[in-house]
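This is work-v3.tsv. It holds TSV, C-alpha atoms.
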```tsv
chain	number	residue	atom	x	y	z
A	18	MET	CA	0.44	10.22	3.90
A	19	ALA	CA	-2.91	11.33	2.56
A	20	SER	CA	-5.84	12.03	4.85
A	21	LEU	CA	-9.33	10.68	5.46
A	22	THR	CA	-12.49	11.93	7.11
A	23	ASP	CA	-15.69	10.09	8.05
A	24	THR	CA	-17.99	12.36	6.03
A	25	SER	CA	-19.03	10.94	2.64
A	26	ALA	CA	-20.13	14.35	1.36
A	27	ALA	CA	-16.75	15.81	2.24
A	28	LEU	CA	-15.04	13.02	0.29
A	29	ARG	CA	-17.15	13.68	-2.79
A	30	LEU	CA	-16.24	17.37	-2.77
A	31	ASP	CA	-12.56	16.90	-1.97
A	32	PRO	CA	-10.42	17.45	-5.10
A	33	ARG	CA	-7.72	15.20	-3.65
A	34	ILE	CA	-9.98	12.15	-3.98
A	35	LEU	CA	-9.02	10.01	-6.98
A	36	PHE	CA	-11.39	7.15	-6.12
A	37	GLN	CA	-13.83	6.27	-3.34
A	38	GLY	CA	-16.16	3.37	-2.66
A	39	SER	CA	-17.89	2.03	0.42
A	40	THR	CA	-20.25	-0.54	1.91
A	41	GLU	CA	-21.73	-0.82	5.39
A	42	LYS	CA	-18.54	-2.52	6.60
A	43	VAL	CA	-15.62	-1.00	4.70
A	44	ARG	CA	-14.62	2.15	2.85
A	45	VAL	CA	-11.82	2.48	0.28
A	46	VAL	CA	-10.32	5.80	-0.83
A	47	LEU	CA	-7.42	6.54	-3.19
A	48	LEU	CA	-6.24	10.09	-2.61
A	49	THR	CA	-3.31	12.43	-2.99
A	50	ASP	CA	-1.92	15.31	-0.94
A	51	PRO	CA	0.54	18.07	-1.94
A	52	PRO	CA	3.58	18.83	0.25
A	53	GLY	CA	2.61	20.28	3.61
A	54	ARG	CA	0.82	19.26	6.79
A	55	VAL	CA	-2.25	17.02	6.99
A	56	GLU	CA	-4.21	16.48	10.20
A	57	VAL	CA	-6.93	13.91	10.93
A	58	SER	CA	-9.09	13.71	14.04
A	59	GLY	CA	-9.71	10.39	15.75
A	60	SER	CA	-12.17	8.06	14.02
A	61	GLU	CA	-14.29	5.20	15.33
A	62	ARG	CA	-12.91	3.10	12.48
A	63	THR	CA	-9.61	1.30	12.09
A	64	ASN	CA	-7.77	3.06	9.24
A	65	ILE	CA	-5.16	1.31	7.08
A	66	CYS	CA	-3.11	3.76	4.99
A	67	ILE	CA	-0.98	2.24	2.23
A	68	HIS	CA	1.61	4.47	0.58
A	69	VAL	CA	1.60	4.10	-3.20
A	70	GLY	CA	3.78	5.73	-5.83
A	71	ALA	CA	7.22	7.30	-5.57
A	72	PRO	CA	9.16	7.48	-2.28
A	73	VAL	CA	8.17	10.41	-0.05
A	74	LEU	CA	10.01	11.84	2.98
A	75	MET	CA	7.55	12.48	5.81
A	76	THR	CA	7.04	12.75	9.54
A	77	CYS	CA	4.00	10.82	10.79
A	78	ARG	CA	2.33	11.20	14.17
A	79	HIS	CA	-0.34	8.85	15.54
A	80	GLY	CA	-1.44	10.12	18.93
A	81	ASP	CA	1.68	10.79	21.01
A	82	VAL	CA	3.99	8.65	18.89
A	83	SER	CA	5.84	9.89	15.79
A	84	HIS	CA	8.05	8.46	13.07
A	85	THR	CA	10.24	10.22	10.50
A	86	GLY	CA	11.54	8.52	7.37
A	87	THR	CA	11.01	7.79	3.71
A	88	ALA	CA	7.75	6.04	2.85
A	89	ILE	CA	8.07	3.70	-0.11
A	90	HIS	CA	5.45	1.92	-2.20
A	91	GLY	CA	3.60	-0.61	-0.06
A	92	ASP	CA	4.47	0.87	3.35
A	93	ILE	CA	1.45	0.56	5.65
A	94	ASP	CA	0.36	2.75	8.55
A	95	ILE	CA	-2.35	1.34	10.84
A	96	ILE	CA	-4.23	3.91	12.93
A	97	PRO	CA	-6.33	2.42	15.75
A	98	PRO	CA	-9.80	3.78	16.49
A	99	GLY	CA	-9.96	7.11	18.31
A	100	LEU	CA	-6.35	8.07	17.61
A	101	PRO	CA	-5.71	11.45	15.90
A	102	ALA	CA	-2.99	11.53	13.27
A	103	SER	CA	-0.93	14.04	11.31
A	104	TRP	CA	1.63	13.97	8.50
A	105	GLU	CA	4.34	16.46	7.45
A	106	ILE	CA	4.90	15.64	3.78
A	107	GLN	CA	7.95	16.80	1.83
A	108	GLN	CA	6.75	15.72	-1.64
A	109	ARG	CA	3.37	14.99	-3.20
A	110	ASP	CA	2.03	11.81	-1.70
A	111	MET	CA	-0.55	9.23	-2.75
A	112	ALA	CA	-2.25	6.69	-0.48
A	113	LEU	CA	-4.81	3.93	-0.65
A	114	VAL	CA	-6.83	4.10	2.57
A	115	VAL	CA	-9.08	1.30	3.84
A	116	SER	CA	-11.39	1.99	6.81
A	117	LEU	CA	-12.96	-0.87	8.77
A	118	THR	CA	-16.03	-0.45	10.98
A	119	PRO	CA	-15.82	-1.43	14.66
A	120	GLY	CA	-18.36	-4.22	14.09
A	121	LEU	CA	-16.21	-5.82	11.39
A	122	VAL	CA	-13.11	-5.79	13.61
A	123	THR	CA	-15.09	-7.18	16.56
A	124	MET	CA	-16.35	-10.02	14.40
A	125	ALA	CA	-12.77	-10.85	13.34
A	126	VAL	CA	-11.67	-10.95	16.99
A	127	GLU	CA	-14.55	-13.24	17.96
A	128	GLU	CA	-13.72	-15.58	15.07
A	129	LEU	CA	-10.34	-16.09	16.74
A	130	GLU	CA	-12.15	-16.93	19.99
A	131	ALA	CA	-10.78	-13.86	21.76
A	132	ASP	CA	-12.48	-11.19	23.88
A	133	PRO	CA	-12.97	-7.97	21.84
A	134	ASP	CA	-12.70	-5.91	25.04
A	135	ARG	CA	-9.20	-7.28	25.64
A	136	VAL	CA	-7.81	-6.95	22.09
A	137	GLU	CA	-6.34	-3.70	20.80
A	138	ILE	CA	-5.25	-2.83	17.27
A	139	ARG	CA	-1.60	-1.79	17.29
A	140	ASN	CA	-0.47	1.70	16.34
A	141	ILE	CA	1.88	0.92	13.44
A	142	PHE	CA	4.16	2.94	11.16
A	143	LYS	CA	5.59	1.74	7.83
A	144	ALA	CA	4.79	-1.95	8.18
A	145	ARG	CA	5.03	-4.42	5.30
A	146	ASP	CA	2.18	-6.86	4.77
A	147	ALA	CA	1.62	-8.29	1.30
A	148	GLY	CA	-1.71	-9.79	2.35
A	149	ILE	CA	-3.15	-6.45	3.42
A	150	GLU	CA	-1.83	-4.77	0.29
A	151	HIS	CA	-3.35	-7.38	-2.04
A	152	ILE	CA	-6.73	-7.31	-0.30
A	153	ALA	CA	-6.83	-3.50	-0.39
A	154	TRP	CA	-6.27	-3.39	-4.16
A	155	ALA	CA	-8.80	-6.19	-4.66
A	156	LEU	CA	-11.38	-4.15	-2.71
A	157	LYS	CA	-10.67	-1.07	-4.81
A	158	ASN	CA	-10.81	-2.98	-8.10
A	159	GLU	CA	-14.08	-4.69	-7.16
A	160	MET	CA	-15.72	-1.39	-6.18
A	161	GLU	CA	-14.32	0.45	-9.18
A	162	SER	CA	-15.64	-2.25	-11.53
A	163	GLY	CA	-19.19	-1.93	-10.21
A	164	TYR	CA	-19.21	-4.91	-7.80
A	165	PRO	CA	-19.20	-7.69	-10.45
A	166	GLY	CA	-18.61	-10.34	-7.78
A	167	GLY	CA	-21.64	-9.28	-5.78
A	168	SER	CA	-22.01	-8.48	-2.09
A	169	LEU	CA	-20.82	-11.90	-0.95
A	170	TYR	CA	-17.40	-11.48	-2.58
A	171	LEU	CA	-17.01	-7.91	-1.32
A	172	ASP	CA	-17.98	-8.95	2.21
A	173	SER	CA	-15.45	-11.78	2.07
A	174	LEU	CA	-12.69	-9.33	1.10
A	175	ALA	CA	-13.63	-6.96	3.92
A	176	THR	CA	-13.73	-9.85	6.39
A	177	ALA	CA	-10.33	-11.08	5.17
A	178	MET	CA	-8.86	-7.59	5.68
A	179	ALA	CA	-10.19	-7.42	9.25
A	180	ALA	CA	-8.87	-10.92	9.98
A	181	GLN	CA	-5.43	-9.96	8.68
A	182	ILE	CA	-5.34	-6.83	10.84
A	183	VAL	CA	-6.47	-8.64	13.99
A	184	SER	CA	-4.29	-11.73	13.57
A	185	ARG	CA	-1.09	-9.90	12.64
A	186	HIS	CA	-1.36	-6.34	13.94
A	187	SER	CA	-3.15	-6.47	17.27
A	188	SER	CA	-2.34	-7.35	20.86
A	189	LEU	CA	-3.08	-11.02	20.10
A	190	PRO	CA	0.12	-13.14	20.02
A	191	VAL	CA	1.50	-13.67	16.50
A	192	PRO	CA	2.10	-17.37	15.66
A	193	ALA	CA	5.75	-18.28	15.26
A	194	GLU	CA	5.25	-19.40	11.65
A	195	SER	CA	3.96	-15.92	10.78
A	196	ARG	CA	7.20	-14.35	12.02
A	197	ALA	CA	9.47	-16.59	9.93
A	198	GLY	CA	11.22	-15.06	6.94
A	199	LEU	CA	12.75	-11.67	6.19
A	200	SER	CA	12.91	-9.27	9.09
A	201	SER	CA	11.11	-5.95	8.66
A	202	ARG	CA	14.48	-4.18	8.54
A	203	LYS	CA	15.89	-6.39	5.78
A	204	LEU	CA	12.69	-6.26	3.74
A	205	LYS	CA	12.69	-2.46	4.03
A	206	GLN	CA	16.31	-2.40	2.86
A	207	LEU	CA	15.50	-4.56	-0.17
A	208	LEU	CA	12.43	-2.54	-1.19
A	209	SER	CA	14.21	0.79	-0.69
A	210	TYR	CA	17.11	-0.42	-2.83
A	211	ILE	CA	14.70	-1.47	-5.59
A	212	GLU	CA	12.86	1.88	-5.46
A	213	GLU	CA	16.10	3.87	-5.61
A	214	ASN	CA	17.43	1.85	-8.53
A	215	LEU	CA	14.38	1.26	-10.75
A	216	ALA	CA	16.09	3.12	-13.57
A	217	SER	CA	19.18	0.92	-13.31
A	218	ASP	CA	19.92	-2.58	-14.52
A	219	LEU	CA	18.92	-4.33	-11.31
A	220	SER	CA	20.35	-7.78	-10.71
A	221	LEU	CA	19.37	-10.55	-8.31
A	222	ILE	CA	22.95	-10.68	-7.04
A	223	ALA	CA	22.95	-6.98	-6.12
A	224	ILE	CA	19.52	-7.21	-4.47
A	225	ALA	CA	20.53	-10.26	-2.43
A	226	GLU	CA	23.76	-8.57	-1.31
A	227	VAL	CA	21.74	-5.70	0.18
A	228	ALA	CA	20.11	-8.18	2.57
A	229	GLY	CA	23.28	-10.22	3.08
A	230	LEU	CA	21.66	-13.34	1.61
A	231	SER	CA	22.43	-15.82	-1.12
A	232	VAL	CA	20.44	-15.33	-4.33
A	233	SER	CA	18.45	-18.54	-3.85
A	234	HIS	CA	17.62	-17.76	-0.22
A	235	CYS	CA	16.72	-14.16	-1.06
A	236	LYS	CA	14.33	-15.30	-3.82
A	237	VAL	CA	12.50	-17.65	-1.46
A	238	LEU	CA	12.19	-15.17	1.41
A	239	PHE	CA	11.19	-12.27	-0.85
A	240	ARG	CA	8.39	-14.27	-2.45
A	241	ARG	CA	7.18	-15.38	0.98
A	242	ALA	CA	7.12	-11.77	2.21
A	243	MET	CA	5.68	-10.05	-0.88
A	244	GLY	CA	3.66	-12.79	-2.54
A	245	VAL	CA	5.43	-12.45	-5.91
A	246	PRO	CA	8.92	-13.23	-7.27
A	247	ILE	CA	11.50	-10.43	-7.23
A	248	HIS	CA	11.51	-9.95	-11.01
A	249	GLN	CA	7.72	-9.63	-11.14
A	250	TYR	CA	7.76	-7.09	-8.31
A	251	VAL	CA	10.42	-5.01	-10.10
A	252	ILE	CA	8.48	-5.02	-13.38
A	253	ARG	CA	5.27	-4.05	-11.59
A	254	ARG	CA	6.96	-1.14	-9.81
A	255	ARG	CA	8.58	0.03	-13.07
A	256	VAL	CA	5.21	0.00	-14.81
A	257	GLU	CA	3.55	1.84	-11.92
A	258	ARG	CA	6.32	4.47	-11.84
A	259	ALA	CA	6.16	4.86	-15.62
A	260	ALA	CA	2.36	5.23	-15.56
A	261	ALA	CA	2.64	8.00	-12.97
A	262	LEU	CA	5.23	9.86	-15.07
A	263	LEU	CA	3.17	9.47	-18.24
A	264	ARG	CA	0.06	10.85	-16.53
A	265	GLU	CA	2.05	13.91	-15.45
A	266	GLY	CA	2.70	14.56	-19.13
A	267	ASN	CA	6.10	16.24	-18.72
A	268	MET	CA	8.23	13.59	-20.45
A	269	ALA	CA	8.23	11.81	-23.80
A	270	VAL	CA	7.49	8.09	-23.80
A	271	SER	CA	11.10	7.30	-24.70
A	272	GLU	CA	12.34	9.40	-21.77
A	273	VAL	CA	9.97	7.68	-19.37
A	274	ALA	CA	11.16	4.27	-20.58
A	275	LEU	CA	14.78	5.11	-19.77
A	276	ALA	CA	13.85	6.75	-16.44
A	277	THR	CA	12.10	3.60	-15.25
A	278	GLY	CA	14.61	0.96	-16.31
A	279	PHE	CA	13.10	-0.27	-19.60
A	280	ALA	CA	15.44	-0.97	-22.49
A	281	HIS	CA	13.44	1.10	-24.97
A	282	GLN	CA	10.02	2.60	-25.69
A	283	SER	CA	8.49	-0.54	-27.19
A	284	HIS	CA	9.62	-2.59	-24.18
A	285	LEU	CA	7.78	-0.17	-21.89
A	286	ALA	CA	4.70	-0.14	-24.13
A	287	ALA	CA	4.47	-3.94	-24.16
A	288	HIS	CA	4.51	-4.18	-20.37
A	289	ILE	CA	1.99	-1.35	-19.94
A	290	ARG	CA	-0.40	-3.01	-22.39
A	291	ARG	CA	0.00	-6.37	-20.64
A	292	MET	CA	-0.45	-5.06	-17.09
A	293	LEU	CA	-2.75	-2.06	-17.52
A	294	GLY	CA	-4.54	-2.82	-20.79
A	295	VAL	CA	-3.72	0.60	-22.29
A	296	THR	CA	-0.95	2.24	-24.30
A	297	PRO	CA	1.53	4.87	-23.06
A	298	ARG	CA	-0.26	7.43	-25.27
A	299	ASP	CA	-3.55	6.60	-23.54
A	300	LEU	CA	-1.95	7.40	-20.17
A	301	GLN	CA	-0.52	10.67	-21.47
A	302	ARG	CA	-3.98	11.71	-22.65
```

Just give me the structure as structure tokens.
Amino acid sequence: MASLTDTSAALRLDPRILFQGSTEKVRVVLLTDPPGRVEVSGSERTNICIHVGAPVLMTCRHGDVSHTGTAIHGDIDIIPPGLPASWEIQQRDMALVVSLTPGLVTMAVEELEADPDRVEIRNIFKARDAGIEHIAWALKNEMESGYPGGSLYLDSLATAMAAQIVSRHSSLPVPAESRAGLSSRKLKQLLSYIEENLASDLSLIAIAEVAGLSVSHCKVLFRRAMGVPIHQYVIRRRVERAAALLREGNMAVSEVALATGFAHQSHLAAHIRRMLGVTPRDLQR
């Protein structure tokens, strides 16, 4: 998992930083780390680290607790304030990191009529939360586009992120309706299967069998967990994987198409134009 510091100047000079943006309440950084060890000292902020890109084998440590496994696209680590963290990364990693100020988190707790002194953010490894993921990308896109929605929209996104963290990933009880659906283990199995088989001819039947569900039930629960239908998620991940390979510049467009599960080069190009607004050649350049 990529790292983060609290020093804006350090971020600007860090060659690992692919994007950064911030307001008084929230900071968003897209960054990458090569294989090796990354260490981060404790921060006053709540840090949400979202793994993006290809699967990466890593050992994560937050404070005295560690976790070893393969991080896949969309896996979320939540690091509470004051907790140091480190990562042992086996392959190049990329992460989208959102940092929330203490005041923003306190406000979210008070909105739920709870005592901020009695609520703690949980130390979490490899969680799945489609709401957090969607808000994080919306924050990045808004900042990257020059804040077209204005401060009110950006503040609402930051507030929504804090509310999601407090309501779902803190010591506050989680409502029963929020727990309904795919278990974390089954969702992880499904997403890992999709990541490992992006180049193959994935079928709904095969995906449902991984979770031990009927196709119809799997479709409903997957959409509830991820916010999009299975086929849309697969296409999005294929496009994202293809874009990463094209930017590396080591493969021809036709080779990338086959490596990411597209029938042919024009099929890949059509989806990249539709989703990213560019051509495969643009990405290679």

Task: Residue list as number ranges by chain for point (14.8, -3.5, 4.0), cut-off 12 Å, all atoms listed in the file - done: A: 87-89, 92, 143-145, 199-212, 224-229, 235, 239, 242

Task: Given only C-alpha atoms as the counted atoms, nearest of A:Cys77, A:Ile93, A:Leu219, A:Ile141 to His248 of chain A - done: A:Leu219

Open item on the list: What does the structure give for the distance between atom CA of Asn64 of chain A and atom CA of Val122 of chain A, in Å to one decimal?
Closed with: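 Computing the Euclidean distance for atom CA of Asn64 of chain A and atom CA of Val122 of chain A yields 11.2 Å.
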
Open item on the list: Around (-4.2, -7.3, 15.4), as given in the file, which residues come within 9 Å? Count all atoms listed in the file and list them as a list of chain:residue names.
Closed with: A:Val126, A:Val136, A:Glu137, A:Ile138, A:Arg139, A:Ala179, A:Ala180, A:Gln181, A:Ile182, A:Val183, A:Ser184, A:Arg185, A:His186, A:Ser187, A:Ser188, A:Leu189, A:Pro190, A:Val191

Open item on the list: Between A:Pro119, A:Pro32, A:Pro97, A:Pro297, which residue has the minimum interatomic distance to Gly80 of chain A, considering all atoms listed in the file?
Closed with: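 Answer, going by the shortest atom-to-atom distance: A:Pro97.
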
- [ ] Calculate how many Å separate atom CA of Ser83 of chain A from atom CA of Ile65 of chain A, rounding to one decimal.
- [x]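 So the answer is 16.4 Å.
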
Open item on the list: Need to verify the contact set: segment 37-43 of chain A, 8 Å, all atoms listed in the file, exclusion of same-chain residues closer than 3 positions in sequence. Can you return it as a PyMOL selection string?
Closed with: chain A and resi 28+34+46-47+115-118+120-121+157+160-161+172+175

TODO: Counting all atoms listed in the file, figure out which residue out of A:Ala131, A:Ile222, A:Leu293, A:Ile67 gets nearest to His90 of chain A.
DONE: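 Using all atoms listed in the file, His90 of chain A sits closest to A:Ile67.
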